[in-house]
Amino acid sequence: MMKMLNSRSGRGAAVAALVVAVGASVVAQKMTINGAGATFPAVIYSKWFSEYNKLHPEVQINYNPQGSGFGIQQIQKQTVFFGASDGPMTNDALLASPGRILHFPTVLGGVVPIYNIPGVNAMLKFTGPVLADIFLGKITKWNDPKIAANNAGVNLPNLDITVAHRSDGSGTTYIWADYLHKVSPEWTQKVGVANSVTWPVGLGAPQSAGVAGLVKQTPGAIGYVELIYATQNQISYGSVQNLAGEFVTASVESVTASAAAAVTKMPADFRVSIVNAEGKGVYPISSFTWLLVYESPKDKAAAKVFVDFMKWMLGDGQKLAPQLGYAPLPAPVVKLELDAVAKIKIQ
Amino acid sequence: MARVRLSISDFIFRMGTGAFALVLVLLVSGIGFVLWNESHLAIQKFGFAFWRTSDWNPVQGQFGAFPFIWGTLYSSVLALMIAGPIALGIAIFLSELCPDWLRQPLVFLTELLAAIPSIVYGLWGVFVLVPAVRSLQTALPDSVRAWALFSGPPVGFSLLAAALVLAVMVVPYSSAVAREVLKSVPRSQREAAYALGSTRWEATRAALHYGRAGIMGAIMLGFGRAIGETMAVTMVIGNTPKAVASIFAPQHTMAAVIANQFVDANDQLHSDALVEIGLVLFIITLLVNIASRVLIWNMTRQRSRASRPAAAAAPEAA
C-alpha cells in the first residue's frame with residue numbers, strides 16, 4: 001500500500017514537473033503589453049484584448065482603466081506601452097512628453113442628459129443653450145419657459161432643478177463641458193473645458209454610477225452619463241438639438257454620423273473635437289476616444305505586436321463595437337488611421 | 001560570565017525593538033516629507049493663502065483649500081456632537097449597569113459596527129440617510145428653514161447626511177475607548193461614593209469625573225477617525241466645495257477631494273494642490289491625535305499621582 005502510494009505520488013510529481021516545464025516554455029514566448037487610461041472605452045478595450053488573445057494566444061494586453069488623466073500621466077512617464085484618453089492631450093502636455101506621442105481614435109461615444117422628474121415619462125428635448133443655462137444655474141425650475149418652449153404637450157412641474165455632475169476627474173466631463181463651451185460663450189468664460197471643472201451649481205458624485213444614483217435618488221435632478229451607461233441602466237435621457245435644428249436621440253448611428261461630418265476637416269494628428277458637428281442626423285454631444293502611442297516606442301518587439309493589433313482593431317475589431325453600445329469609426333477615418341499606424345517606428 | 005552574556009542579549013534586544021520603534025518615527029516624518037516635497041508647486045504658488053482662500057478652479061489653476069478644511073472639520077465636529085453622547089451612553093451602560101450575560105453580545109455588536117467597510121456605510125447612506133435627511137428638511141417649517149443653519153434646497157446629499165454616517169462609524173471607536181477608561185477607574189472611587197451614600201447615578205458621575213480627560217481623549221480619537229474618512233463621506237456629502245453654514249447644503253471634504261480628483265488631475269499644479277491638501281489633512285490629523293493623546297496622558301499622570309499616597313498609606317494601615 002505504502003509503496004503504491006509512493007509510486008503514485010512520484011508519478012504525480014513527474015507529471016506536475018512536465019506541466020510546469022511546458023507552461024514555462026509558453027510563458028517565455030508570451031508578449032505582454034500594458035496600457036492605462038480612460039474608463040469609458042474600458043468595456044470594448046477588454047473585449048478587444050481578450051478576442052485578440054484568442055486569435056493570438058501569445059499576445060496578452062492588459063488595460064488599467066483609471067481615468068484619462070491617469071492614462072496621459074502614465075504614457076508620459078513611460079510606465080505603460082500605451083495610454084488612452086477621452087480628451088486629446090493638450091499642446092503643453094505633448095511638449096512635456098519625452099517623445100512624440102500619436103493619437104489614434106478607436107471608437108466613439110455619446111454623452112446624454114439624464115433626468116428624474118416625477119410624473120414626466122416623455123423624452124425631453126433640450127437645446128444646447130438650455131443645457132448650458134441649466135448647468136450655469138440660470139434656469140432653476142423645470143417649468144421654465146425656455147425648457148417648455150421645445151416640449152409642448154409635456155406637463156412640466158414647478159420643481160427645482162438639481163444639477164448632478166461628476167466629482168472625480170473624467171473624460172465624460174470633458175466631453176460635456178466641451179459641448180457646453182461650443183454652445184455657450186458664458187460657459188467658456190465662467191467654467192471652461194477640462195476633466196475636472198469648477199461647477200457653478202449642483203452636486204458632485206463619484207463615477208458614472210454615482211451620478212446616475214444621485215439623479216435616481218433626487219426628484220428634479222439632471223445629470224450626464226455616457227450613452228451606454230444610460231441604456232444599460234434604463235435611465236431616461238433626453239434628445240439634443242444639433243446644428244441642423246433636429247432633435248436627435250443618441251444612438252450608435254447618430255454618434256457615428258457626427259464623426260463622418262468631421263472627416264473632411266480631420267487634422268493629421270487626429271486631435272479633433274467633434275461635439276456639435278454639422279450635418280443631418282448628427283447627435284451633437286459625441287466624441288472620439290483615443291489610444292496614445294509613442295511614434296518611436298522604446299520596446300520595438302512590443303511595438304511590432306501592437307501595430308498588428310491596431311490593424312486588427314481598425315478592421316475586424318470595429319465590428320464588435322455596436323453590440324457593446326459603442327459607435328464604430330466611419331470608413332474614411334479608418335483609412336486615414338491605417339496610414340498613420342504605418343508610421344509607427346517598429347524597427 | 002553569565003551576567004555579561006545576559007547584558008549582551010539585553011543590549012541586542014533593546015537595540016532591535018528600538019529599531020522597530022524608530023521605523024515608526026521615520027515613517028511619520030517620511031510621509032510628511034513626501035507630501036511636502038510632492039506639493040512644492042502649489043506651496044510656492046499659493047503659500048499660506050492656500051489655507052484660507054476658497055477658489056478651487058482646476059481649469060484656471062487657482063487653488064484654495066478652505067472649503068475642504070471647513071467641510072472636513074464641520075462634518076467631523078457635527079458627527080462627534082451626535083456620536084459623543086451615544087458612545088458615552090454605551091460605554092457607561094456596558095461598564096456600570098449592564099447585566100453580565102448581555103455584556104459580551106453588546107460588545108460584540110459595537111465591534112461589528114467598526115468592522116463594516118466604509119463603502120457599505122456609504123451605500124446605506126445613499127439609500128437610507130439621504131432620503132431621510134431630505135424628508136426631514138421638507139418637514140421643517142418655513143420659518144426654521146429661513147435660518148442660515150437650515151437653508152437651501154432639499155436635496156438630501158448634504159453635510160448632515162455625511163455627519164450622520166460618520167457618527168455611526170465613530171461610535172464603536174469612541175465607546176470602546178471610553179469603556180476602557182471607565183473600567184480603569186479604581187474601585188475605591190466608586191466604593192467611596194457609595195460609602196458617602198451616593199445613588200448609582202451619583203457614583204457613575206463621580207467615575208465619569210475621575211475619567212473625564214480619558215473620555216475626552218476617546219471622543220477625540222473618534223474625531224481623528226472622522227476627519228480621515230473618505231468613501232462613505234464622498235458618497236453622501238454632495239462634493240461641492242462651498243463653505244456655508246447650512247447643514248443641509250452639499251459640501252466637500254479634504255479626503256474626498258483627493259480621492260475624487262487625484263488619479264485624473266488636469267495638470268501638475270492640480271495634482272500638487274491635491275497633495276498639499278493631503279499635507280494639510282496630515283497636519284490637522286496629527287494635531288488632533290496629539291491633543292487627544294495629551295488629554296489621556298494627563299489623566300493617567302493625575303491618577304498615578306493620586307494613587308501614590310494611597311499606596312504609601314497602605315502599609316501603615318496594615
# chains A, B, ... in the order shown; residues from 1 in each chain; ligands from 1

call {"tool": "closest_atom_pairs", "arguments": {"of": "chain B", "to": "chain A", "cutoff": "8 Å", "atoms": "only C-alpha atoms", "output": "tab-separated table"}}
result
residue	atom	partner	partner_atom	distance
B:Trp56	CA	A:Thr198	CA	6.8
B:Asn57	CA	A:Thr198	CA	5.3
B:Pro58	CA	A:Val197	CA	5.9
B:Val59	CA	A:Val197	CA	5.9
B:Phe127	CA	A:Gln217	CA	7.8
B:Pro131	CA	A:Gln217	CA	7.6
B:Pro153	CA	A:Asp160	CA	7.8
B:Val155	CA	A:Thr218	CA	6.4
B:Gly156	CA	A:Thr218	CA	7.9
B:Phe157	CA	A:Leu203	CA	7.8
B:Thr234	CA	A:Ala205	CA	7.3
B:Met235	CA	A:Ala205	CA	6.5
B:Gly238	CA	A:Leu203	CA	4.8
B:Asn239	CA	A:Gly204	CA	4.7
B:Thr240	CA	A:Leu203	CA	5.9
B:Pro250	CA	A:Leu203	CA	6.6
B:Val257	CA	A:Ser167	CA	7.9
B:Ala259	CA	A:Asp168	CA	7.8
B:Asn260	CA	A:Asp168	CA	4.1
B:Gln261	CA	A:Asp168	CA	4.8
B:Phe262	CA	A:Gly169	CA	7.8
B:Val263	CA	A:Phe70	CA	5.5
B:Asp264	CA	A:Gly69	CA	4.1
B:Ala265	CA	A:Gly69	CA	5.9
B:Asn266	CA	A:Asn195	CA	6.2

call {"tool": "write_last_selection", "arguments": {"atoms": "N, CA and C atoms", "output": "PDB file, in the first residue's frame"}}
result
ATOM      1  N   TRP B  56     -11.494  77.050  -5.882  1.00  0.00           N
ATOM      2  CA  TRP B  56     -10.875  75.793  -6.333  1.00  0.00           C
ATOM      3  C   TRP B  56     -11.217  75.627  -7.799  1.00  0.00           C
ATOM      4  N   ASN B  57     -10.313  76.068  -8.675  1.00  0.00           N
ATOM      5  CA  ASN B  57     -10.603  76.046 -10.099  1.00  0.00           C
ATOM      6  C   ASN B  57      -9.487  75.361 -10.883  1.00  0.00           C
ATOM      7  N   PRO B  58      -9.653  74.048 -11.130  1.00  0.00           N
ATOM      8  CA  PRO B  58      -8.600  73.299 -11.818  1.00  0.00           C
ATOM      9  C   PRO B  58      -8.370  73.797 -13.250  1.00  0.00           C
ATOM     10  N   VAL B  59      -9.379  74.432 -13.857  1.00  0.00           N
ATOM     11  CA  VAL B  59      -9.216  74.885 -15.239  1.00  0.00           C
ATOM     12  C   VAL B  59      -8.289  76.097 -15.289  1.00  0.00           C
ATOM     13  N   PHE B 127     -28.976  55.275   0.252  1.00  0.00           N
ATOM     14  CA  PHE B 127     -30.329  54.753   0.116  1.00  0.00           C
ATOM     15  C   PHE B 127     -31.231  55.025   1.317  1.00  0.00           C
ATOM     16  N   PRO B 131     -32.426  60.108   1.648  1.00  0.00           N
ATOM     17  CA  PRO B 131     -33.870  60.403   1.584  1.00  0.00           C
ATOM     18  C   PRO B 131     -34.422  60.857   2.935  1.00  0.00           C
ATOM     19  N   PRO B 153     -32.004  74.282  -0.884  1.00  0.00           N
ATOM     20  CA  PRO B 153     -32.995  73.360  -1.446  1.00  0.00           C
ATOM     21  C   PRO B 153     -32.844  71.961  -0.846  1.00  0.00           C
ATOM     22  N   VAL B 155     -32.068  68.541  -1.018  1.00  0.00           N
ATOM     23  CA  VAL B 155     -31.520  67.525  -1.912  1.00  0.00           C
ATOM     24  C   VAL B 155     -31.107  66.261  -1.166  1.00  0.00           C
ATOM     25  N   GLY B 156     -30.912  66.370   0.136  1.00  0.00           N
ATOM     26  CA  GLY B 156     -30.545  65.177   0.891  1.00  0.00           C
ATOM     27  C   GLY B 156     -29.052  64.929   0.941  1.00  0.00           C
ATOM     28  N   PHE B 157     -28.367  65.042  -0.206  1.00  0.00           N
ATOM     29  CA  PHE B 157     -26.903  64.884  -0.218  1.00  0.00           C
ATOM     30  C   PHE B 157     -26.330  66.121   0.461  1.00  0.00           C
ATOM     31  N   THR B 234     -17.807  60.806   0.710  1.00  0.00           N
ATOM     32  CA  THR B 234     -17.940  61.337  -0.653  1.00  0.00           C
ATOM     33  C   THR B 234     -19.228  60.848  -1.316  1.00  0.00           C
ATOM     34  N   MET B 235     -19.739  59.703  -0.873  1.00  0.00           N
ATOM     35  CA  MET B 235     -20.965  59.186  -1.480  1.00  0.00           C
ATOM     36  C   MET B 235     -22.209  59.963  -1.060  1.00  0.00           C
ATOM     37  N   GLY B 238     -22.273  65.231  -1.369  1.00  0.00           N
ATOM     38  CA  GLY B 238     -22.612  66.107  -2.490  1.00  0.00           C
ATOM     39  C   GLY B 238     -21.421  66.765  -3.160  1.00  0.00           C
ATOM     40  N   ASN B 239     -20.230  66.634  -2.568  1.00  0.00           N
ATOM     41  CA  ASN B 239     -18.971  67.057  -3.201  1.00  0.00           C
ATOM     42  C   ASN B 239     -19.020  68.441  -3.860  1.00  0.00           C
ATOM     43  N   THR B 240     -19.422  69.432  -3.098  1.00  0.00           N
ATOM     44  CA  THR B 240     -19.480  70.787  -3.614  1.00  0.00           C
ATOM     45  C   THR B 240     -18.615  71.691  -2.736  1.00  0.00           C
ATOM     46  N   PRO B 250     -24.940  70.765   0.292  1.00  0.00           N
ATOM     47  CA  PRO B 250     -23.861  69.864  -0.112  1.00  0.00           C
ATOM     48  C   PRO B 250     -22.515  70.549   0.108  1.00  0.00           C
ATOM     49  N   VAL B 257     -11.950  65.083  -1.765  1.00  0.00           N
ATOM     50  CA  VAL B 257     -11.481  65.724  -2.997  1.00  0.00           C
ATOM     51  C   VAL B 257     -10.203  65.047  -3.503  1.00  0.00           C
ATOM     52  N   ALA B 259      -9.453  61.827  -3.121  1.00  0.00           N
ATOM     53  CA  ALA B 259      -9.876  60.557  -3.724  1.00  0.00           C
ATOM     54  C   ALA B 259     -10.541  60.794  -5.076  1.00  0.00           C
ATOM     55  N   ASN B 260     -11.303  61.873  -5.191  1.00  0.00           N
ATOM     56  CA  ASN B 260     -12.037  62.137  -6.420  1.00  0.00           C
ATOM     57  C   ASN B 260     -11.154  62.599  -7.559  1.00  0.00           C
ATOM     58  N   GLN B 261     -10.234  63.510  -7.272  1.00  0.00           N
ATOM     59  CA  GLN B 261      -9.584  64.205  -8.374  1.00  0.00           C
ATOM     60  C   GLN B 261      -8.146  63.769  -8.636  1.00  0.00           C
ATOM     61  N   PHE B 262      -7.538  63.031  -7.703  1.00  0.00           N
ATOM     62  CA  PHE B 262      -6.099  62.813  -7.850  1.00  0.00           C
ATOM     63  C   PHE B 262      -5.733  61.973  -9.079  1.00  0.00           C
ATOM     64  N   VAL B 263      -6.388  60.846  -9.288  1.00  0.00           N
ATOM     65  CA  VAL B 263      -5.981  59.979 -10.406  1.00  0.00           C
ATOM     66  C   VAL B 263      -6.163  60.653 -11.755  1.00  0.00           C
ATOM     67  N   ASP B 264      -7.109  61.570 -11.841  1.00  0.00           N
ATOM     68  CA  ASP B 264      -7.392  62.176 -13.135  1.00  0.00           C
ATOM     69  C   ASP B 264      -7.143  63.685 -13.102  1.00  0.00           C
ATOM     70  N   ALA B 265      -6.093  64.090 -12.404  1.00  0.00           N
ATOM     71  CA  ALA B 265      -5.798  65.520 -12.278  1.00  0.00           C
ATOM     72  C   ALA B 265      -5.520  66.133 -13.651  1.00  0.00           C
ATOM     73  N   ASN B 266      -5.945  67.381 -13.835  1.00  0.00           N
ATOM     74  CA  ASN B 266      -5.783  68.045 -15.129  1.00  0.00           C
ATOM     75  C   ASN B 266      -4.325  68.275 -15.486  1.00  0.00           C
TER      76      ASN B 266
END

call {"tool": "residues_around", "arguments": {"residues": "region 263-276 of chain A", "least_positions_apart": "2", "cutoff": "7 Å", "atoms": "only C-alpha atoms", "output": "PyMOL selection string"}}
result
chain A and resi 88+102-104+179+242-243+258-261+278+284-287+332-333

call {"tool": "residues_around", "arguments": {"residues": "Tyr115 (chain A)", "least_positions_apart": "6", "cutoff": "9 Å", "atoms": "only C-alpha atoms", "output": "number ranges by chain"}}
result
A: 212, 215-216, 219-224, 235-238

call {"tool": "residues_around", "arguments": {"residues": "Gly214 (chain B)", "least_positions_apart": "2", "cutoff": "7 Å", "atoms": "only C-alpha atoms", "output": "list in words"}}
result
Val181, Gly211, Arg212, Met216, Gly217, Ala218, Leu295, Ile296 and Met299 of chain B

call {"tool": "atom_distance", "arguments": {"atom1": "CA of Ala49 (chain B)", "atom2": "CA of Phe66 (chain B)"}}
result
9.2 Å

call {"tool": "residues_around", "arguments": {"residues": "Ser296 (chain A)", "least_positions_apart": "6", "cutoff": "8 Å", "atoms": "only C-alpha atoms", "output": "ChimeraX atom specification"}}
result
/A:99-100,344-346

call {"tool": "select_by_dssp", "arguments": {"residues": "region 83-176 of chain B", "states": "helix (DSSP H, G or I)", "output": "NGL selection string"}}
result
:B and (83-97 or 100-115 or 118-139 or 142-145 or 148-150 or 159-176)

call {"tool": "write_last_selection", "arguments": {"atoms": "C-alpha atoms", "output": "tab-separated table (two decimals), in the first residue's frame"}}
result
chain	number	residue	atom	x	y	z
B	83	ALA	CA	-21.81	60.31	18.36
B	84	GLY	CA	-20.29	61.60	21.64
B	85	PRO	CA	-23.37	61.21	23.86
B	86	ILE	CA	-24.30	57.88	22.23
B	87	ALA	CA	-20.80	56.46	22.62
B	88	LEU	CA	-20.65	57.65	26.22
B	89	GLY	CA	-24.06	56.15	26.95
B	90	ILE	CA	-22.98	52.80	25.53
B	91	ALA	CA	-19.74	52.90	27.50
B	92	ILE	CA	-21.49	53.73	30.79
B	93	PHE	CA	-24.12	51.06	30.29
B	94	LEU	CA	-21.55	48.40	29.39
B	95	SER	CA	-19.13	49.21	32.22
B	96	GLU	CA	-21.51	50.16	35.03
B	97	LEU	CA	-25.03	48.88	34.54
B	100	ASP	CA	-23.14	40.17	32.72
B	101	TRP	CA	-24.97	37.91	30.25
B	102	LEU	CA	-25.74	40.87	27.99
B	103	ARG	CA	-22.31	42.49	28.06
B	104	GLN	CA	-20.46	40.18	25.65
B	105	PRO	CA	-23.16	40.26	22.93
B	106	LEU	CA	-23.32	44.07	23.11
B	107	VAL	CA	-19.55	44.45	22.99
B	108	PHE	CA	-19.53	42.12	20.00
B	109	LEU	CA	-22.18	44.21	18.25
B	110	THR	CA	-20.34	47.50	18.71
B	111	GLU	CA	-17.17	45.86	17.44
B	112	LEU	CA	-19.10	44.58	14.43
B	113	LEU	CA	-20.06	48.16	13.59
B	114	ALA	CA	-16.36	49.00	13.43
B	115	ALA	CA	-15.71	46.10	11.05
B	118	SER	CA	-16.93	52.21	4.74
B	119	ILE	CA	-18.33	51.73	1.23
B	120	VAL	CA	-21.16	49.73	2.77
B	121	TYR	CA	-21.88	52.64	5.10
B	122	GLY	CA	-21.82	54.86	2.01
B	123	LEU	CA	-24.42	52.76	0.20
B	124	TRP	CA	-26.58	52.68	3.30
B	125	GLY	CA	-26.19	56.45	3.47
B	126	VAL	CA	-27.25	56.95	-0.15
B	127	PHE	CA	-30.33	54.75	0.12
B	128	VAL	CA	-31.47	55.45	3.69
B	129	LEU	CA	-29.94	58.57	5.18
B	130	VAL	CA	-30.09	60.82	2.13
B	131	PRO	CA	-33.87	60.40	1.58
B	132	ALA	CA	-34.38	60.67	5.36
B	133	VAL	CA	-32.45	63.95	5.53
B	134	ARG	CA	-34.41	65.24	2.55
B	135	SER	CA	-37.78	64.42	4.19
B	136	LEU	CA	-36.57	65.93	7.47
B	137	GLN	CA	-35.69	69.14	5.67
B	138	THR	CA	-39.00	69.38	3.79
B	139	ALA	CA	-40.86	68.64	7.05
B	142	ASP	CA	-40.54	77.55	6.55
B	143	SER	CA	-39.67	79.86	9.43
B	144	VAL	CA	-36.98	77.40	10.57
B	145	ARG	CA	-35.75	76.79	7.04
B	148	ALA	CA	-28.80	80.05	7.65
B	149	LEU	CA	-28.16	76.81	9.55
B	150	PHE	CA	-31.03	75.00	7.79
B	159	LEU	CA	-23.24	67.83	5.33
B	160	LEU	CA	-25.80	66.39	7.75
B	161	ALA	CA	-26.01	63.09	5.83
B	162	ALA	CA	-22.20	62.87	5.99
B	163	ALA	CA	-22.16	63.71	9.70
B	164	LEU	CA	-24.74	61.01	10.42
B	165	VAL	CA	-22.77	58.36	8.54
B	166	LEU	CA	-19.61	59.46	10.33
B	167	ALA	CA	-21.39	59.37	13.70
B	168	VAL	CA	-22.36	55.73	13.19
B	169	MET	CA	-18.80	54.91	12.12
B	170	VAL	CA	-17.23	56.70	15.06
B	171	VAL	CA	-19.45	55.31	17.84
B	172	PRO	CA	-17.70	51.92	18.17
B	173	TYR	CA	-14.25	53.54	18.45
B	174	SER	CA	-15.20	56.17	20.99
B	175	SER	CA	-17.35	53.81	23.06
B	176	ALA	CA	-14.61	51.15	23.19

call {"tool": "residues_around", "arguments": {"residues": "Ile228 (chain A)", "least_positions_apart": "2", "cutoff": "8 Å", "atoms": "only C-alpha atoms", "output": "PyMOL selection string"}}
result
chain A and resi 226+230-232+324-326

call {"tool": "atom_distance", "arguments": {"atom1": "CA of Ile147 (chain A)", "atom2": "CA of Trp187 (chain A)"}}
result
18.3 Å

call {"tool": "closest_residue", "arguments": {"among": "B:Leu78, B:Ile116, B:Ala213, B:Val233", "to": "Ser246 (chain B)", "atoms": "only C-alpha atoms"}}
result
B:Leu78

call {"tool": "closest_residue", "arguments": {"among": "A:Pro330, A:Pro145, A:Gly245, A:Pro185", "to": "Thr127 (chain A)", "atoms": "only C-alpha atoms"}}
result
A:Gly245
